[in-house]
Every structure is written in structure tokens, then in C-alpha cells.
Amino acid sequence: MDAGVEKECGALGGLFQLIMSDMKASYPTWEDFVSKGAKLQAHLRATLLLTGAFLDAFQKVADMATGTRGATKEIGSALTRMCMRHRSIESKLKLFTIALSESLIVPLELKMEEWKKAASQLDKDHAKEYKKARADIKKKSSDTIKLQKKVKKGEKLLSCPLKTSLGGNEQLLAAASSC
């Protein structure tokens, strides 16, 4: 086979293998990301439960202060407003936790196995196609070399197939008409 063609085939095959190895090497990183995201989501749920319990107790203190006589009513009102602001933060944290789970962690977990299978199948298909293409190129190259040798020996009749094997589709019609 021609050294230039061999080099190009090797370069393209090597490029594909580099891309595939990069993909396969990234799986542990994605798995770690999903694992850490699931842990974060579990801790955020626990934080939400504890925050809710704390704010319930805090609201009881605020209600008690509001129900007393004297200047503590204003303190109770301020504590109630503060508790309401913290409930708003709790609500936003709950929305973040739900979004983290439903829009990131769960879809990634579902897709990761699919990605692994697709990458493996792509690698197998590429290997088959690459071997087939290399075999075709080798065969056509050796056929061309044989035809060139025969033409050099003076076999004028075989020059027509030589032209068609060396040329592209554009030259096919011109070669056929010149024979």
C-alpha cells in the first residue's frame, strides 16, 4: 500500500481512538459528579427538614413574644418578620433541591449507561469499517500496481482499466470513450 495512504489511514484511525479513549476516561469523572450531586441532594433534604423544624420552634418563640405585654410585642413582630424571610429562603432551597434532582442528577444517571453502550457500539462499528476500508484500499492499490506493471510491459489493451482505476468518476467517461 502507498505509504501516504497508509499514514493518512493511521492518522484518522488514531484520531478516532484518541476521541474514544477520552470519552471512556471521562466516565469516572461523570460518575463521581453524579455521586457527589446525589449526596448534596440528600444533605439538602436533611437541611430542609432541620431548617423547617428550627423555623417552627423560632415561630413559637416569636408568637410567645408577640402575645406578651409591654415592649416585647415589637420584638415578637420583628422575630415573626425574620422567620417569614427565613421561610422564603427555605422555599428557595427546596426549589433548588428539587431542580438539582429532577433536572440534573436523575437524567444524568439515566443517560450514563446509555452513553456507555453507545460508545462501545460506536467503537465496534468503527473497528469493522476501518478494517474493511483498509482492506479495500490495499486491494485497489495492489490492483493498480499490477496494472501499471502490465502497461509498462506494453499491453496496450489494459491501459483503459488502468486509467479508470487511477482516475475518479469524472475521468471514467473520458477513459471509456478514449479506449
# chains A, B, ... in the order shown; residues from 1 in each chain; ligands from 1
>>> closest_atom_pairs(of="range 64-125 of chain A", to="range 23-43 of chain A", cutoff="12 Å", atoms="only C-alpha atoms", output="JSON lines")
{"residue": "A:Leu93", "atom": "CA", "partner": "A:Gln41", "partner_atom": "CA", "distance": 10.6}
{"residue": "A:Lys94", "atom": "CA", "partner": "A:Gln41", "partner_atom": "CA", "distance": 10.1}
{"residue": "A:Leu95", "atom": "CA", "partner": "A:Gln41", "partner_atom": "CA", "distance": 11.4}
{"residue": "A:Phe96", "atom": "CA", "partner": "A:Gln41", "partner_atom": "CA", "distance": 9.2}
{"residue": "A:Thr97", "atom": "CA", "partner": "A:Gln41", "partner_atom": "CA", "distance": 6.0}
{"residue": "A:Ile98", "atom": "CA", "partner": "A:Gln41", "partner_atom": "CA", "distance": 8.3}
{"residue": "A:Ala99", "atom": "CA", "partner": "A:Gln41", "partner_atom": "CA", "distance": 9.8}
{"residue": "A:Leu100", "atom": "CA", "partner": "A:Gln41", "partner_atom": "CA", "distance": 7.1}
{"residue": "A:Ser101", "atom": "CA", "partner": "A:Gln41", "partner_atom": "CA", "distance": 6.7}
{"residue": "A:Glu102", "atom": "CA", "partner": "A:Gln41", "partner_atom": "CA", "distance": 10.4}
{"residue": "A:Ser103", "atom": "CA", "partner": "A:Gly37", "partner_atom": "CA", "distance": 11.6}
{"residue": "A:Leu104", "atom": "CA", "partner": "A:Val34", "partner_atom": "CA", "distance": 8.5}
{"residue": "A:Ile105", "atom": "CA", "partner": "A:Val34", "partner_atom": "CA", "distance": 5.8}
{"residue": "A:Val106", "atom": "CA", "partner": "A:Val34", "partner_atom": "CA", "distance": 8.4}
{"residue": "A:Pro107", "atom": "CA", "partner": "A:Val34", "partner_atom": "CA", "distance": 9.9}
{"residue": "A:Leu108", "atom": "CA", "partner": "A:Val34", "partner_atom": "CA", "distance": 7.1}
{"residue": "A:Glu109", "atom": "CA", "partner": "A:Val34", "partner_atom": "CA", "distance": 6.9}
{"residue": "A:Leu110", "atom": "CA", "partner": "A:Val34", "partner_atom": "CA", "distance": 10.6}
{"residue": "A:Lys111", "atom": "CA", "partner": "A:Trp30", "partner_atom": "CA", "distance": 10.8}
{"residue": "A:Met112", "atom": "CA", "partner": "A:Tyr27", "partner_atom": "CA", "distance": 8.0}
{"residue": "A:Glu113", "atom": "CA", "partner": "A:Tyr27", "partner_atom": "CA", "distance": 9.8}
{"residue": "A:Glu114", "atom": "CA", "partner": "A:Tyr27", "partner_atom": "CA", "distance": 11.8}
{"residue": "A:Trp115", "atom": "CA", "partner": "A:Tyr27", "partner_atom": "CA", "distance": 9.3}
{"residue": "A:Lys116", "atom": "CA", "partner": "A:Lys24", "partner_atom": "CA", "distance": 8.0}
{"residue": "A:Lys117", "atom": "CA", "partner": "A:Lys24", "partner_atom": "CA", "distance": 11.0}
{"residue": "A:Ala118", "atom": "CA", "partner": "A:Met23", "partner_atom": "CA", "distance": 11.1}
{"residue": "A:Ala119", "atom": "CA", "partner": "A:Met23", "partner_atom": "CA", "distance": 7.9}
{"residue": "A:Ser120", "atom": "CA", "partner": "A:Lys24", "partner_atom": "CA", "distance": 9.1}
{"residue": "A:Leu122", "atom": "CA", "partner": "A:Met23", "partner_atom": "CA", "distance": 11.5}
{"residue": "A:Asp123", "atom": "CA", "partner": "A:Lys24", "partner_atom": "CA", "distance": 10.7}
>>> write_last_selection(atoms="C-alpha atoms", output="PDB file, in the first residue's frame")
ATOM      1  CA  LEU A  93     -33.640  25.997  48.897  1.00  0.00           C
ATOM      2  CA  LYS A  94     -36.411  23.446  48.416  1.00  0.00           C
ATOM      3  CA  LEU A  95     -36.859  24.532  44.776  1.00  0.00           C
ATOM      4  CA  PHE A  96     -33.096  24.279  44.226  1.00  0.00           C
ATOM      5  CA  THR A  97     -33.040  20.774  45.733  1.00  0.00           C
ATOM      6  CA  ILE A  98     -35.892  19.607  43.511  1.00  0.00           C
ATOM      7  CA  ALA A  99     -34.319  21.138  40.399  1.00  0.00           C
ATOM      8  CA  LEU A 100     -30.945  19.590  41.228  1.00  0.00           C
ATOM      9  CA  SER A 101     -32.507  16.170  41.499  1.00  0.00           C
ATOM     10  CA  GLU A 102     -35.062  16.213  38.693  1.00  0.00           C
ATOM     11  CA  SER A 103     -33.182  18.283  36.119  1.00  0.00           C
ATOM     12  CA  LEU A 104     -29.587  17.185  36.633  1.00  0.00           C
ATOM     13  CA  ILE A 105     -28.829  14.133  38.752  1.00  0.00           C
ATOM     14  CA  VAL A 106     -31.588  11.735  37.685  1.00  0.00           C
ATOM     15  CA  PRO A 107     -31.331  12.500  33.923  1.00  0.00           C
ATOM     16  CA  LEU A 108     -27.538  12.100  34.033  1.00  0.00           C
ATOM     17  CA  GLU A 109     -27.833   8.765  35.834  1.00  0.00           C
ATOM     18  CA  LEU A 110     -30.263   7.527  33.200  1.00  0.00           C
ATOM     19  CA  LYS A 111     -28.134   8.724  30.274  1.00  0.00           C
ATOM     20  CA  MET A 112     -24.757   7.499  31.526  1.00  0.00           C
ATOM     21  CA  GLU A 113     -25.474   3.822  30.918  1.00  0.00           C
ATOM     22  CA  GLU A 114     -26.898   4.670  27.506  1.00  0.00           C
ATOM     23  CA  TRP A 115     -23.748   6.676  26.680  1.00  0.00           C
ATOM     24  CA  LYS A 116     -21.515   3.760  27.656  1.00  0.00           C
ATOM     25  CA  LYS A 117     -23.430   1.353  25.417  1.00  0.00           C
ATOM     26  CA  ALA A 118     -23.499   3.793  22.502  1.00  0.00           C
ATOM     27  CA  ALA A 119     -19.768   4.499  22.778  1.00  0.00           C
ATOM     28  CA  SER A 120     -18.963   0.800  22.919  1.00  0.00           C
ATOM     29  CA  LEU A 122     -19.575   3.058  18.020  1.00  0.00           C
ATOM     30  CA  ASP A 123     -16.107   1.716  18.771  1.00  0.00           C
TER      31      ASP A 123
END
>>> residues_around(residues="Lys60 in chain A", least_positions_apart="4", cutoff="12 Å", atoms="only C-alpha atoms", output="PyMOL selection string")
chain A and resi 53-56+64-67+76-77+79-80+83
>>> closest_atom_pairs(of="range 48-141 of chain A", to="range 9-14 of chain A", cutoff="12 Å", atoms="only C-alpha atoms", output="tab-separated table")
residue	atom	partner	partner_atom	distance
A:Asp123	CA	A:Gly13	CA	10.9
A:His126	CA	A:Gly13	CA	8.7
A:Ala127	CA	A:Gly13	CA	8.8
A:Lys128	CA	A:Gly13	CA	11.6
A:Glu129	CA	A:Gly13	CA	10.4
A:Tyr130	CA	A:Gly13	CA	7.3
A:Lys131	CA	A:Gly13	CA	10.0
A:Lys132	CA	A:Cys9	CA	11.7
A:Ala133	CA	A:Cys9	CA	9.0
A:Arg134	CA	A:Cys9	CA	7.5
A:Ala135	CA	A:Cys9	CA	11.2
A:Asp136	CA	A:Cys9	CA	11.9
A:Ile137	CA	A:Cys9	CA	9.6
A:Lys138	CA	A:Cys9	CA	11.1
>>> atom_distance(atom1="CA of Ile89 in chain A", atom2="CA of Ala62 in chain A")
18.0 Å
>>> closest_residue(among="A:Asp125, A:Ser141, A:Met82, A:Leu147", to="Phe58 in chain A", atoms="only C-alpha atoms")
A:Met82
